[in-house]
file data17.txt (compact mmCIF, C-alpha atoms)
# COMPACT_ATOMS: atom_id res chain seq x y z
CA MET I 1 12.03 38.67 -25.16
CA HIS I 2 8.58 39.67 -23.96
CA GLY I 3 6.90 38.40 -20.81
CA GLU I 4 4.48 36.26 -22.80
CA GLY I 5 7.38 34.45 -24.50
CA LEU I 6 9.19 33.99 -21.21
CA ARG I 7 6.08 32.53 -19.64
CA SER I 8 5.58 30.08 -22.46
CA ILE I 9 9.14 28.69 -22.23
CA PHE I 10 8.68 28.32 -18.48
CA ASP I 11 5.31 26.67 -19.00
CA GLU I 12 6.74 24.38 -21.65
CA PHE I 13 9.33 22.99 -19.24
CA ARG I 14 6.64 22.56 -16.60
CA GLU I 15 4.26 20.92 -19.05
CA GLN I 16 6.94 18.42 -20.07
CA GLY I 17 7.61 17.75 -16.41
CA VAL I 18 3.93 17.14 -15.72
CA GLN I 19 3.68 14.76 -18.69
CA ALA I 20 6.70 12.82 -17.41
CA ILE I 21 5.06 12.58 -13.96
CA GLU I 22 1.85 11.25 -15.54
CA ALA I 23 3.86 8.52 -17.26
CA GLY I 24 5.74 7.70 -14.06
CA ARG I 25 9.09 9.01 -15.31
CA ILE I 26 9.81 10.97 -12.16
CA GLU I 27 13.58 11.46 -12.62
CA GLU I 28 12.91 12.90 -16.05
CA ALA I 29 10.21 15.14 -14.59
CA ALA I 30 12.65 16.43 -11.99
CA THR I 31 15.04 17.44 -14.78
CA PHE I 32 12.34 19.46 -16.54
CA PHE I 33 11.34 21.18 -13.30
CA ASP I 34 15.00 21.97 -12.65
CA ARG I 35 15.15 23.64 -16.05
CA ALA I 36 11.97 25.57 -15.31
CA LEU I 37 13.48 26.71 -12.01
CA ALA I 38 16.75 27.75 -13.63
CA TRP I 39 14.79 29.68 -16.25
CA ALA I 40 12.63 31.43 -13.66
CA ARG I 41 15.69 32.39 -11.61
CA GLU I 42 17.34 33.82 -14.70
CA GLN I 43 14.28 35.97 -15.25
CA GLY I 44 14.02 36.88 -11.57
CA ASP I 45 10.30 36.10 -11.46
CA GLY I 46 9.50 35.33 -7.81
CA ARG I 47 6.12 33.72 -8.49
CA GLN I 48 7.56 31.42 -11.13
CA ILE I 49 10.52 30.56 -8.93
CA ASP I 50 8.17 29.46 -6.14
CA LEU I 51 6.04 27.44 -8.54
CA ALA I 52 9.08 25.70 -10.00
CA VAL I 53 10.37 24.98 -6.48
CA CYS I 54 7.01 23.39 -5.65
CA ASN I 55 7.01 21.30 -8.84
CA ARG I 56 10.56 20.14 -8.32
CA ALA I 57 9.69 19.29 -4.72
CA ALA I 58 6.77 17.17 -5.93
CA ALA I 59 9.15 15.07 -8.03
CA ALA I 60 11.70 14.85 -5.20
CA ILE I 61 8.97 13.73 -2.79
CA ASP I 62 7.84 10.98 -5.16
CA LEU I 63 11.47 9.88 -5.42
CA GLY I 64 11.70 9.67 -1.63
CA ARG I 65 13.95 12.72 -1.34
CA GLY I 66 11.34 15.07 0.05
CA GLU I 67 12.85 15.88 3.43
CA GLY I 68 15.19 18.56 2.07
CA GLU I 69 12.31 20.29 0.25
CA LEU I 70 10.14 20.89 3.30
CA PRO I 71 11.69 24.16 4.55
CA ARG I 72 11.19 25.89 1.18
CA LEU I 73 7.66 24.56 0.84
CA ARG I 74 6.75 25.72 4.35
CA GLU I 75 8.26 29.11 3.63
CA ILE I 76 6.14 29.48 0.47
CA LEU I 77 3.03 28.47 2.40
CA MET I 78 3.75 30.74 5.36
CA ARG I 79 4.58 33.71 3.16
CA ASN I 80 0.99 33.38 1.96
CA GLY I 81 1.68 35.17 -1.31
CA ASP I 82 0.44 33.66 -4.52
CA PRO I 83 -2.63 31.46 -3.76
CA VAL I 84 -1.72 28.91 -6.43
CA ASN I 85 1.76 28.42 -5.01
CA CYS I 86 0.37 28.20 -1.48
CA ARG I 87 -1.99 25.44 -2.53
CA VAL I 88 0.72 23.50 -4.36
CA ALA I 89 3.11 23.90 -1.41
CA ALA I 90 0.49 22.66 1.09
CA TYR I 91 -0.38 19.72 -1.14
CA ASN I 92 3.27 18.72 -1.55
CA ILE I 93 3.95 18.94 2.19
CA ALA I 94 0.93 16.71 2.79
CA ARG I 95 2.13 14.28 0.14
CA HIS I 96 5.57 14.14 1.78
CA TYR I 97 4.05 13.32 5.16
CA GLU I 98 1.79 10.74 3.55
CA LEU I 99 4.80 8.93 2.06
CA ALA I 100 6.66 9.29 5.36
CA LYS I 101 3.63 7.65 7.02
CA SER I 102 3.03 10.68 9.26
CA TYR I 103 -0.65 10.57 8.50
CA LYS I 104 -1.90 13.10 11.02
CA LYS I 105 0.47 15.76 9.73
CA ALA I 106 -0.44 14.77 6.18
CA LEU I 107 -4.12 15.21 6.99
CA PHE I 108 -3.47 18.67 8.44
CA TYR I 109 -1.74 19.94 5.30
CA ALA I 110 -4.09 18.12 2.94
CA ARG I 111 -6.99 20.01 4.50
CA ILE I 112 -5.15 23.30 3.92
CA ALA I 113 -4.66 22.25 0.29
CA ARG I 114 -8.36 21.50 0.02
CA GLU I 115 -9.35 24.92 1.42
CA ARG I 116 -6.96 26.68 -0.96
CA SER I 117 -8.25 24.67 -3.92
CA GLU I 118 -11.80 25.59 -2.98
CA ALA I 119 -10.90 29.28 -2.82
CA LEU I 120 -9.24 29.05 -6.23
CA GLY I 121 -12.25 27.27 -7.71
CA ARG I 122 -10.05 24.57 -9.22
CA ARG I 123 -12.15 21.39 -9.40
CA ASP I 124 -9.22 19.14 -10.36
CA TRP I 125 -7.13 20.42 -7.46
CA LEU I 126 -10.05 20.10 -5.11
CA ALA I 127 -10.45 16.51 -6.29
CA SER I 128 -6.78 15.66 -5.71
CA SER I 129 -6.98 17.26 -2.25
CA TYR I 130 -10.01 15.15 -1.34
CA ASN I 131 -8.11 12.15 -2.65
CA LEU I 132 -5.11 12.93 -0.47
CA ILE I 133 -7.32 13.40 2.59
CA GLY I 134 -8.85 10.02 1.75
CA ASN I 135 -5.40 8.45 1.57
CA THR I 136 -4.44 9.64 5.04
CA LEU I 137 -7.74 8.37 6.48
CA LEU I 138 -7.51 5.04 4.69
CA ALA I 139 -3.94 4.53 5.88
CA GLU I 140 -5.31 4.79 9.41
CA SER I 141 -8.14 2.38 8.66
CA PHE I 142 -10.93 4.96 8.66
CA VAL I 143 -12.39 3.21 5.65
CA GLU I 144 -15.87 4.78 5.71
CA GLN I 145 -14.56 8.32 6.06
CA ALA I 146 -11.91 7.70 3.42
CA SER I 147 -14.48 6.46 0.91
CA GLU I 148 -16.55 9.59 1.43
CA GLU I 149 -13.52 11.69 0.54
CA TYR I 150 -12.81 9.55 -2.53
CA GLU I 151 -16.45 9.83 -3.63
CA GLN I 152 -16.18 13.62 -3.51
CA ALA I 153 -12.90 13.45 -5.41
CA LEU I 154 -14.39 11.26 -8.10
CA ALA I 155 -17.42 13.50 -8.50
CA LEU I 156 -15.16 16.51 -9.10
CA MET I 157 -12.68 14.81 -11.38
CA PRO I 158 -12.84 15.54 -15.11
CA GLU I 159 -13.61 12.44 -17.18
CA GLU I 160 -10.54 12.65 -19.41
CA PRO I 161 -7.84 10.08 -18.69
CA SER I 162 -5.36 11.17 -16.06
CA LEU I 163 -3.16 9.66 -13.41
CA ALA I 164 -5.20 11.48 -10.76
CA LEU I 165 -8.46 9.94 -11.98
CA ALA I 166 -6.90 6.48 -12.16
CA GLY I 167 -5.57 6.90 -8.62
CA ILE I 168 -8.96 7.89 -7.22
CA LEU I 169 -10.63 4.94 -8.94
CA ASP I 170 -8.06 2.61 -7.43
CA ASN I 171 -8.39 4.05 -3.93
CA LEU I 172 -12.18 3.97 -3.92
CA GLY I 173 -12.12 0.48 -5.45
CA TYR I 174 -9.91 -0.81 -2.63
CA CYS I 175 -12.24 0.79 -0.06
CA ARG I 176 -15.26 -0.86 -1.68
CA ILE I 177 -13.58 -4.25 -1.43
CA LEU I 178 -12.85 -3.64 2.27
CA GLN I 179 -16.48 -2.55 2.72
CA GLY I 180 -17.71 -5.75 1.11
CA ARG I 181 -19.14 -3.87 -1.90
CA ARG I 182 -17.20 -6.15 -4.19
CA ARG I 183 -18.96 -5.75 -7.53
CA GLU I 184 -18.52 -1.99 -7.31
CA GLY I 185 -14.95 -2.49 -6.16
CA TYR I 186 -14.07 -4.65 -9.16
CA THR I 187 -15.58 -2.15 -11.59
CA LEU I 188 -13.56 0.70 -10.11
CA LEU I 189 -10.33 -1.27 -9.91
CA TYR I 190 -10.53 -2.54 -13.48
CA ARG I 191 -11.35 0.96 -14.73
CA SER I 192 -8.27 2.17 -12.90
CA LEU I 193 -6.11 -0.60 -14.34
CA HIS I 194 -7.30 0.17 -17.85
CA LEU I 195 -6.42 3.84 -17.38
CA MET I 196 -3.02 3.16 -15.81
CA ARG I 197 -2.09 0.94 -18.73
CA ARG I 198 -3.32 3.51 -21.20
CA LEU I 199 -1.18 6.16 -19.48
CA GLY I 200 1.76 3.76 -19.42
CA ASN I 201 2.33 4.29 -15.71
CA GLU I 202 3.72 0.95 -14.57
CA GLN I 203 4.43 1.96 -10.99
CA HIS I 204 0.78 2.75 -10.31
CA GLU I 205 -0.34 -0.16 -12.47
CA ALA I 206 1.42 -2.45 -10.00
CA THR I 207 -0.50 -0.84 -7.11
CA VAL I 208 -3.83 -1.46 -8.83
CA ARG I 209 -2.87 -5.05 -9.64
CA LEU I 210 -2.02 -5.63 -5.97
CA ASP I 211 -5.45 -4.30 -5.00
CA LEU I 212 -7.04 -6.55 -7.62
CA CYS I 213 -5.07 -9.50 -6.29
CA PHE I 214 -6.44 -8.75 -2.83
CA ALA I 215 -9.97 -8.35 -4.24
CA HIS I 216 -9.82 -11.71 -6.00
CA LEU I 217 -8.46 -13.32 -2.84
CA GLU I 218 -11.40 -11.94 -0.90
CA THR I 219 -13.83 -13.46 -3.39
CA GLY I 220 -12.01 -16.79 -3.60
CA ARG I 221 -10.92 -16.31 -7.19
CA ASN I 222 -7.43 -17.50 -6.47
CA ARG I 223 -6.38 -18.08 -10.06
CA SER I 224 -7.13 -14.45 -10.94
CA ALA I 225 -5.49 -13.32 -7.71
CA ARG I 226 -2.32 -15.21 -8.64
CA HIS I 227 -2.30 -13.64 -12.12
CA GLN I 228 -2.64 -10.09 -10.77
CA GLY I 229 -0.19 -10.67 -7.92
CA MET I 230 2.50 -12.17 -10.13
CA ARG I 231 2.16 -9.40 -12.70
CA ALA I 232 2.44 -6.79 -9.93
CA LEU I 233 5.52 -8.58 -8.59
CA GLU I 234 7.17 -8.54 -12.03
CA ILE I 235 6.58 -4.81 -12.41
CA ALA I 236 7.64 -4.01 -8.85
CA GLU I 237 10.86 -5.98 -9.30
CA LYS I 238 11.57 -4.23 -12.59
CA LEU I 239 11.07 -0.82 -10.97
CA GLY I 240 12.72 -1.79 -7.69
CA ASN I 241 9.73 -0.72 -5.60
CA THR I 242 10.35 -2.52 -2.31
CA HIS I 243 6.98 -1.62 -0.75
CA GLN I 244 5.18 -3.22 -3.68
CA ILE I 245 7.53 -6.23 -3.74
CA LYS I 246 6.76 -6.91 -0.08
CA ASN I 247 3.01 -6.71 -0.59
CA ALA I 248 3.19 -8.80 -3.75
CA LEU I 249 5.26 -11.56 -2.12
CA TYR I 250 2.85 -11.66 0.79
CA LEU I 251 -0.24 -11.76 -1.46
CA VAL I 252 1.01 -14.40 -3.91
CA GLY I 253 2.20 -16.44 -0.95
CA GLU I 254 -1.28 -16.16 0.52
CA VAL I 255 -2.82 -17.27 -2.80
CA GLU I 256 -0.64 -20.38 -2.90
CA SER I 257 -1.24 -21.06 0.75
CA LEU I 258 -5.01 -20.89 0.35
CA GLU I 259 -4.76 -23.11 -2.71
CA GLY I 260 -2.92 -25.67 -0.64
CA ASN I 261 0.33 -25.22 -2.60
CA VAL I 262 2.49 -25.26 0.49
CA VAL I 263 5.80 -25.44 -1.35
CA ALA I 264 5.10 -22.41 -3.51
CA ALA I 265 3.61 -20.50 -0.56
CA ARG I 266 6.62 -21.22 1.61
CA ALA I 267 8.94 -20.13 -1.21
CA HIS I 268 7.24 -16.71 -1.46
CA PHE I 269 7.04 -16.21 2.31
CA THR I 270 10.66 -17.29 2.73
CA ARG I 271 11.78 -14.82 0.12
CA LEU I 272 9.73 -12.09 1.85
CA GLN I 273 11.42 -12.93 5.15
CA ARG I 274 14.98 -13.27 3.82
CA GLU I 275 14.94 -10.11 1.75
CA PHE I 276 13.00 -7.80 4.04
CA PHE I 277 12.73 -9.25 7.54
CA PRO I 278 15.94 -11.28 7.99
CA GLU I 279 15.62 -11.39 11.77
CA ALA I 280 12.15 -12.91 11.67
CA SER I 281 12.91 -16.54 10.86
CA TYR I 282 9.49 -17.58 12.18
CA LEU I 283 7.75 -15.57 9.48
CA PRO I 284 7.21 -18.21 6.75
CA GLY I 285 5.75 -20.63 9.28
CA PHE I 286 3.62 -17.90 10.81
CA LEU I 287 2.18 -16.82 7.45
CA LEU I 288 1.51 -20.43 6.47
CA ALA I 289 -0.55 -20.87 9.62
CA VAL I 290 -2.22 -17.48 9.96
CA ASP I 291 -4.24 -15.64 7.34
CA VAL I 292 -3.43 -11.99 8.03
CA ARG I 293 -5.58 -10.50 5.25
CA ASN I 294 -7.91 -8.93 7.80
CA LEU I 295 -4.97 -7.35 9.58
CA VAL I 296 -3.13 -5.93 6.62
CA ASN I 297 -3.74 -2.59 4.97
CA LEU I 298 -2.15 -2.47 1.51
CA HIS I 299 -2.59 1.31 1.48
CA ALA I 300 -0.81 1.97 4.78
CA MET Y 301 -8.18 -29.12 -4.03
CA ALA Y 302 -8.88 -28.79 -0.35
CA GLN Y 303 -8.01 -25.37 0.94
CA ILE Y 304 -5.94 -24.90 4.06
CA GLU Y 305 -7.93 -23.79 7.08
CA LYS Y 306 -6.06 -20.77 8.31
CA ILE Y 307 -6.55 -18.63 11.34
CA ARG Y 308 -8.33 -15.40 10.43
CA GLN Y 309 -9.79 -13.76 13.47
CA VAL Y 310 -8.91 -10.11 13.70
CA LYS Y 311 -10.56 -9.43 17.04
CA LEU Y 312 -8.80 -12.35 18.64
CA VAL Y 313 -5.49 -11.10 17.30
CA GLY Y 314 -6.20 -7.69 18.83
CA GLN Y 315 -7.07 -9.31 22.14
CA LYS Y 316 -3.86 -11.33 21.97
CA ILE Y 317 -1.81 -8.18 21.42
CA ARG Y 318 -3.48 -6.58 24.45
CA GLN Y 319 -2.88 -9.71 26.56
CA LEU Y 320 0.80 -9.93 25.58
CA ARG Y 321 1.28 -6.20 26.16
CA LYS Y 322 -0.08 -6.58 29.68
CA GLU Y 323 2.02 -9.68 30.31
CA HIS Y 324 5.06 -7.65 29.31
CA LYS Y 325 3.85 -4.88 31.67
CA LEU Y 326 3.73 -2.30 28.92
CA THR Y 327 1.25 0.55 28.70
CA GLN Y 328 -0.34 1.38 25.36
CA VAL Y 329 1.79 4.52 25.23
CA GLU Y 330 5.01 2.56 25.80
CA LEU Y 331 4.24 -0.11 23.25
CA SER Y 332 3.02 2.36 20.64
CA GLN Y 333 6.25 4.34 21.06
CA ARG Y 334 8.30 1.19 20.54
CA LEU Y 335 6.30 0.35 17.43
CA GLY Y 336 6.43 3.89 16.07
CA ILE Y 337 2.67 4.26 15.94
CA GLN Y 338 0.13 6.44 17.75
CA GLN Y 339 -1.36 5.25 21.04
CA SER Y 340 -4.86 5.74 19.63
CA ASP Y 341 -3.94 3.46 16.70
CA LEU Y 342 -2.69 0.74 19.01
CA SER Y 343 -5.91 1.03 20.99
CA ARG Y 344 -7.94 0.52 17.79
CA MET Y 345 -5.67 -2.37 16.81
CA GLU Y 346 -6.38 -4.09 20.10
CA LYS Y 347 -10.10 -3.67 19.42
CA GLY Y 348 -9.67 -5.24 15.97
CA GLU Y 349 -10.54 -2.00 14.20
CA TYR Y 350 -7.19 -1.18 12.70
CA ARG Y 351 -5.37 -2.67 9.75
CA VAL Y 352 -1.63 -2.14 9.50
CA SER Y 353 1.11 -2.38 6.91
CA LEU Y 354 3.15 -5.58 6.73
CA ASP Y 355 6.07 -3.67 8.26
CA THR Y 356 4.04 -2.70 11.32
CA LEU Y 357 2.52 -6.16 11.68
CA PHE Y 358 5.93 -7.80 11.69
CA ARG Y 359 7.28 -5.14 14.08
CA ILE Y 360 4.54 -6.13 16.53
CA LEU Y 361 5.43 -9.80 16.22
CA ALA Y 362 9.12 -9.00 16.64
CA GLU Y 363 8.40 -6.85 19.68
CA PHE Y 364 7.08 -9.86 21.53
CA GLN Y 365 9.53 -12.22 19.78
CA MET Y 366 6.58 -14.33 18.88
CA SER Y 367 6.54 -17.71 17.36
CA ILE Y 368 3.35 -19.22 16.02
CA GLY Y 369 3.11 -21.37 19.10
CA GLU Y 370 3.40 -18.44 21.50
CA PHE Y 371 1.17 -16.02 19.69
CA PHE Y 372 -1.47 -18.22 18.19
CA GLY Y 373 -1.17 -21.26 20.37
CA GLU Y 374 -4.68 -21.06 21.74
CA MET Y 375 -6.27 -20.13 18.46
CA ALA Y 376 -4.35 -22.83 16.62
CA GLU Y 377 -5.58 -25.42 19.06
CA GLU Y 378 -9.14 -24.34 18.35
CA SER Y 379 -8.89 -24.42 14.57
CA VAL Y 380 -6.33 -27.12 13.76
CA GLN Y 381 -6.81 -30.83 14.29
CA PRO Y 382 -4.40 -32.61 16.70
CA ARG Y 383 -3.07 -34.76 13.86
CA GLU Y 384 -2.22 -31.62 11.90
CA ILE Y 385 -0.44 -30.09 14.89
CA GLN Y 386 1.60 -33.27 15.29
CA LEU Y 387 2.50 -33.21 11.61
CA VAL Y 388 3.65 -29.61 11.82
CA GLN Y 389 5.68 -30.33 14.95
CA LYS Y 390 7.36 -33.29 13.26
CA PHE Y 391 8.00 -31.24 10.15
CA ASN Y 392 9.54 -28.40 12.16
CA ALA Y 393 11.85 -30.86 13.91
CA LEU Y 394 13.38 -31.94 10.58
CA SER Y 395 16.52 -30.40 9.10
CA GLU Y 396 16.11 -27.76 6.41
CA ASP Y 397 17.10 -30.24 3.69
CA ALA Y 398 14.66 -32.83 4.97
CA GLN Y 399 11.88 -30.21 5.09
CA ARG Y 400 12.60 -29.39 1.46
CA GLU Y 401 12.36 -33.08 0.54
CA VAL Y 402 8.99 -33.32 2.28
CA GLU Y 403 7.79 -30.23 0.41
CA ASP Y 404 9.00 -31.73 -2.87
CA PHE Y 405 7.12 -34.91 -2.10
CA ILE Y 406 3.95 -32.92 -1.36
CA ALA Y 407 4.39 -31.07 -4.65
CA PHE Y 408 4.77 -34.42 -6.41
CA LYS Y 409 1.58 -35.76 -4.82
CA GLN Y 410 -0.26 -32.56 -5.72
CA ALA Y 411 0.83 -32.89 -9.33
CA LEU Y 412 -0.45 -36.47 -9.35
CA ASP Y 413 -3.79 -35.28 -7.97
CA ARG Y 414 -4.00 -32.57 -10.59
CA ASP Y 415 -3.27 -35.09 -13.36
CA ARG Y 416 -5.98 -37.32 -11.99
CA HIS Y 417 -8.53 -34.54 -12.06
CA ASN Y 418 -7.18 -33.40 -15.42
CA GLY Y 419 -7.56 -29.63 -14.84
CA ASP Y 420 -10.41 -27.93 -13.08
CA GLY Y 421 -11.08 -24.48 -14.38
CA SER Y 422 -10.97 -21.78 -16.96
CA ASP Y 423 -7.95 -19.72 -17.77
CA GLU Y 424 -7.49 -16.15 -16.60
CA SER Y 425 -6.49 -13.16 -18.63
call {"tool": "encode", "arguments": {"input": "data17.txt", "output": "structure tokens"}}
result
Amino acid sequence: MHGEGLRSIFDEFREQGVQAIEAGRIEEAATFFDRALAWAREQGDGRQIDLAVCNRAAAAIDLGRGEGELPRLREILMRNGDPVNCRVAAYNIARHYELAKSYKKALFYARIARERSEALGRRDWLASSYNLIGNTLLAESFVEQASEEYEQALALMPEEPSLALAGILDNLGYCRILQGRRREGYTLLYRSLHLMRRLGNEQHEATVRLDLCFAHLETGRNRSARHQGMRALEIAEKLGNTHQIKNALYLVGEVESLEGNVVAARAHFTRLQREFFPEASYLPGFLLAVDVRNLVNLHA
Amino acid sequence: MAQIEKIRQVKLVGQKIRQLRKEHKLTQVELSQRLGIQQSDLSRMEKGEYRVSLDTLFRILAEFQMSIGEFFGEMAEESVQPREIQLVQKFNALSEDAQREVEDFIAFKQALDRDRHNGDGSDES
């Protein structure tokens, strides 16, 4: 078989993996990237092997199994060979540290990814790098700086529907709500929700709904907040996403509490405490008495 | 329906964290290490400039083994009426079953109120 044919089979596996990622089917994506890697190894193509390693690492990182991937990713980055692979490796390392909540390390690698993307002239990659930089800043409550990064990301992002675009809209929307620019925030968040639903990515849909729940809470639209929060909770429970379940239980509890529905509020806060903070028996009472919205960062 | 007046004063919370840290004779470095966060982040938290995840927030509370009374005692006194404090104290003194009965009764009274007002708003999609 000729090189062109080999490349297309490799690319086909990768393409299927990328599509699965877009739809939130990460395990399935990992399988496709494994196949791409096996294929590349069979052909002995070093560049393709590195790329497949990076892609497989991206799926592993999203599945919370990124630790084992770091040495290979660092090696690819340090070897400084193919610029595309270097960029993807740097981006994935940054993403791993973001999920591990090591935001300063994440910022360091995200900036490398941005520089590499710039050198390659890839607008979409530059956009996702800006977005990742924004995430690390937002997680550390640098809201103004984070929104500047998200604005740059949005400006560079192609208009066609993609998970990346939906993510940027969500992130900037959340920032706008924190900045008090609520009308703008709503527009961005609902655009993101529309896109997430169109892409069928439920995991990220739940994130946007949590942000919308928070936005509605901030504007006193408690009925809408309850709707978004409960829907997010349903999805998070279905997917077993504990981070989202925690945030959802807190937010819907806060909605009920602010509505004066003490029984319902206590039920949500008690569940939050029993399932996730069993030692903290004071928690339901604390959350009934104290509104911690101004203390909590849903994107941290 | 009357909304519950809840405590929502970020700067005061930051000040309270600083005060409790000092009472426990902890430096910012020591406390931040215990909490698994950066010292600079704790410093911003104490200034009311830093939002945290629920996990971190509850770690802070756990670190000082705080109850509402300990942590927000002063703030609660400022924002809650004495009658309300008494009610909460009495409620907290009840057994878990009795607390549930009280909550059920409140739910019953709320339902009655709702019936009386016969709905108050539009539906959400």
call {"tool": "residues_near_point", "arguments": {"input": "data17.txt", "point": "(-8.5, -1.5, 15.4)", "cutoff": "10 Å", "atoms": "all atoms listed in the file", "output": "list in words"}}
result
Glu140, Ser141, Phe142 and Leu295 of chain I; Val310, Lys311, Gly314, Ser340, Asp341, Leu342, Ser343, Arg344, Met345, Glu346, Lys347, Gly348, Glu349, Tyr350, Arg351 and Val352 of chain Y
call {"tool": "write_last_selection", "arguments": {"input": "data17.txt", "atoms": "C-alpha atoms", "output": "mmCIF file, in the frame of the given file"}}
result
data_model
loop_
_atom_site.group_PDB
_atom_site.id
_atom_site.type_symbol
_atom_site.label_atom_id
_atom_site.label_comp_id
_atom_site.auth_asym_id
_atom_site.auth_seq_id
_atom_site.Cartn_x
_atom_site.Cartn_y
_atom_site.Cartn_z
ATOM 1 C CA GLU I 140 -5.310 4.790 9.410
ATOM 2 C CA SER I 141 -8.140 2.380 8.660
ATOM 3 C CA PHE I 142 -10.930 4.960 8.660
ATOM 4 C CA LEU I 295 -4.970 -7.350 9.580
ATOM 5 C CA VAL Y 310 -8.910 -10.110 13.700
ATOM 6 C CA LYS Y 311 -10.560 -9.430 17.040
ATOM 7 C CA GLY Y 314 -6.200 -7.690 18.830
ATOM 8 C CA SER Y 340 -4.860 5.740 19.630
ATOM 9 C CA ASP Y 341 -3.940 3.460 16.700
ATOM 10 C CA LEU Y 342 -2.690 0.740 19.010
ATOM 11 C CA SER Y 343 -5.910 1.030 20.990
ATOM 12 C CA ARG Y 344 -7.940 0.520 17.790
ATOM 13 C CA MET Y 345 -5.670 -2.370 16.810
ATOM 14 C CA GLU Y 346 -6.380 -4.090 20.100
ATOM 15 C CA LYS Y 347 -10.100 -3.670 19.420
ATOM 16 C CA GLY Y 348 -9.670 -5.240 15.970
ATOM 17 C CA GLU Y 349 -10.540 -2.000 14.200
ATOM 18 C CA TYR Y 350 -7.190 -1.180 12.700
ATOM 19 C CA ARG Y 351 -5.370 -2.670 9.750
ATOM 20 C CA VAL Y 352 -1.630 -2.140 9.500
#
call {"tool": "atom_distance", "arguments": {"input": "data17.txt", "atom1": "atom CA of I:Asn131", "atom2": "atom CA of I:Glu159"}}
result
15.5 Å
call {"tool": "interface_residues", "arguments": {"input": "data17.txt", "of": "chain I", "to": "chain Y", "cutoff": "6 Å", "atoms": "only C-alpha atoms", "output": "PyMOL selection string"}}
result
chain I and resi 141+224+258-260+263+282+286+289-291+295-297+300
call {"tool": "write_last_selection", "arguments": {"input": "data17.txt", "atoms": "C-alpha atoms", "output": "mmCIF file, keeping the file's coordinate frame"}}
result
data_model
loop_
_atom_site.group_PDB
_atom_site.id
_atom_site.type_symbol
_atom_site.label_atom_id
_atom_site.label_comp_id
_atom_site.auth_asym_id
_atom_site.auth_seq_id
_atom_site.Cartn_x
_atom_site.Cartn_y
_atom_site.Cartn_z
ATOM 1 C CA SER I 141 -8.140 2.380 8.660
ATOM 2 C CA SER I 224 -7.130 -14.450 -10.940
ATOM 3 C CA LEU I 258 -5.010 -20.890 0.350
ATOM 4 C CA GLU I 259 -4.760 -23.110 -2.710
ATOM 5 C CA GLY I 260 -2.920 -25.670 -0.640
ATOM 6 C CA VAL I 263 5.800 -25.440 -1.350
ATOM 7 C CA TYR I 282 9.490 -17.580 12.180
ATOM 8 C CA PHE I 286 3.620 -17.900 10.810
ATOM 9 C CA ALA I 289 -0.550 -20.870 9.620
ATOM 10 C CA VAL I 290 -2.220 -17.480 9.960
ATOM 11 C CA ASP I 291 -4.240 -15.640 7.340
ATOM 12 C CA LEU I 295 -4.970 -7.350 9.580
ATOM 13 C CA VAL I 296 -3.130 -5.930 6.620
ATOM 14 C CA ASN I 297 -3.740 -2.590 4.970
ATOM 15 C CA ALA I 300 -0.810 1.970 4.780
#
call {"tool": "atom_distance", "arguments": {"input": "data17.txt", "atom1": "atom CA of I:Ile93", "atom2": "atom CA of Y:Ile360"}}
result
28.9 Å
call {"tool": "residues_around", "arguments": {"input": "data17.txt", "residues": "I:Ile112", "least_positions_apart": "2", "cutoff": "12 Å", "atoms": "all atoms listed in the file", "output": "PyMOL selection string"}}
result
chain I and resi 77-78+80+83+86-94+105-110+114-119+125-126+129-130+132-133
call {"tool": "write_last_selection", "arguments": {"input": "data17.txt", "atoms": "C-alpha atoms", "output": "mmCIF file, keeping the file's coordinate frame"}}
result
data_model
loop_
_atom_site.group_PDB
_atom_site.id
_atom_site.type_symbol
_atom_site.label_atom_id
_atom_site.label_comp_id
_atom_site.auth_asym_id
_atom_site.auth_seq_id
_atom_site.Cartn_x
_atom_site.Cartn_y
_atom_site.Cartn_z
ATOM 1 C CA LEU I 77 3.030 28.470 2.400
ATOM 2 C CA MET I 78 3.750 30.740 5.360
ATOM 3 C CA ASN I 80 0.990 33.380 1.960
ATOM 4 C CA PRO I 83 -2.630 31.460 -3.760
ATOM 5 C CA CYS I 86 0.370 28.200 -1.480
ATOM 6 C CA ARG I 87 -1.990 25.440 -2.530
ATOM 7 C CA VAL I 88 0.720 23.500 -4.360
ATOM 8 C CA ALA I 89 3.110 23.900 -1.410
ATOM 9 C CA ALA I 90 0.490 22.660 1.090
ATOM 10 C CA TYR I 91 -0.380 19.720 -1.140
ATOM 11 C CA ASN I 92 3.270 18.720 -1.550
ATOM 12 C CA ILE I 93 3.950 18.940 2.190
ATOM 13 C CA ALA I 94 0.930 16.710 2.790
ATOM 14 C CA LYS I 105 0.470 15.760 9.730
ATOM 15 C CA ALA I 106 -0.440 14.770 6.180
ATOM 16 C CA LEU I 107 -4.120 15.210 6.990
ATOM 17 C CA PHE I 108 -3.470 18.670 8.440
ATOM 18 C CA TYR I 109 -1.740 19.940 5.300
ATOM 19 C CA ALA I 110 -4.090 18.120 2.940
ATOM 20 C CA ARG I 114 -8.360 21.500 0.020
ATOM 21 C CA GLU I 115 -9.350 24.920 1.420
ATOM 22 C CA ARG I 116 -6.960 26.680 -0.960
ATOM 23 C CA SER I 117 -8.250 24.670 -3.920
ATOM 24 C CA GLU I 118 -11.800 25.590 -2.980
ATOM 25 C CA ALA I 119 -10.900 29.280 -2.820
ATOM 26 C CA TRP I 125 -7.130 20.420 -7.460
ATOM 27 C CA LEU I 126 -10.050 20.100 -5.110
ATOM 28 C CA SER I 129 -6.980 17.260 -2.250
ATOM 29 C CA TYR I 130 -10.010 15.150 -1.340
ATOM 30 C CA LEU I 132 -5.110 12.930 -0.470
ATOM 31 C CA ILE I 133 -7.320 13.400 2.590
#
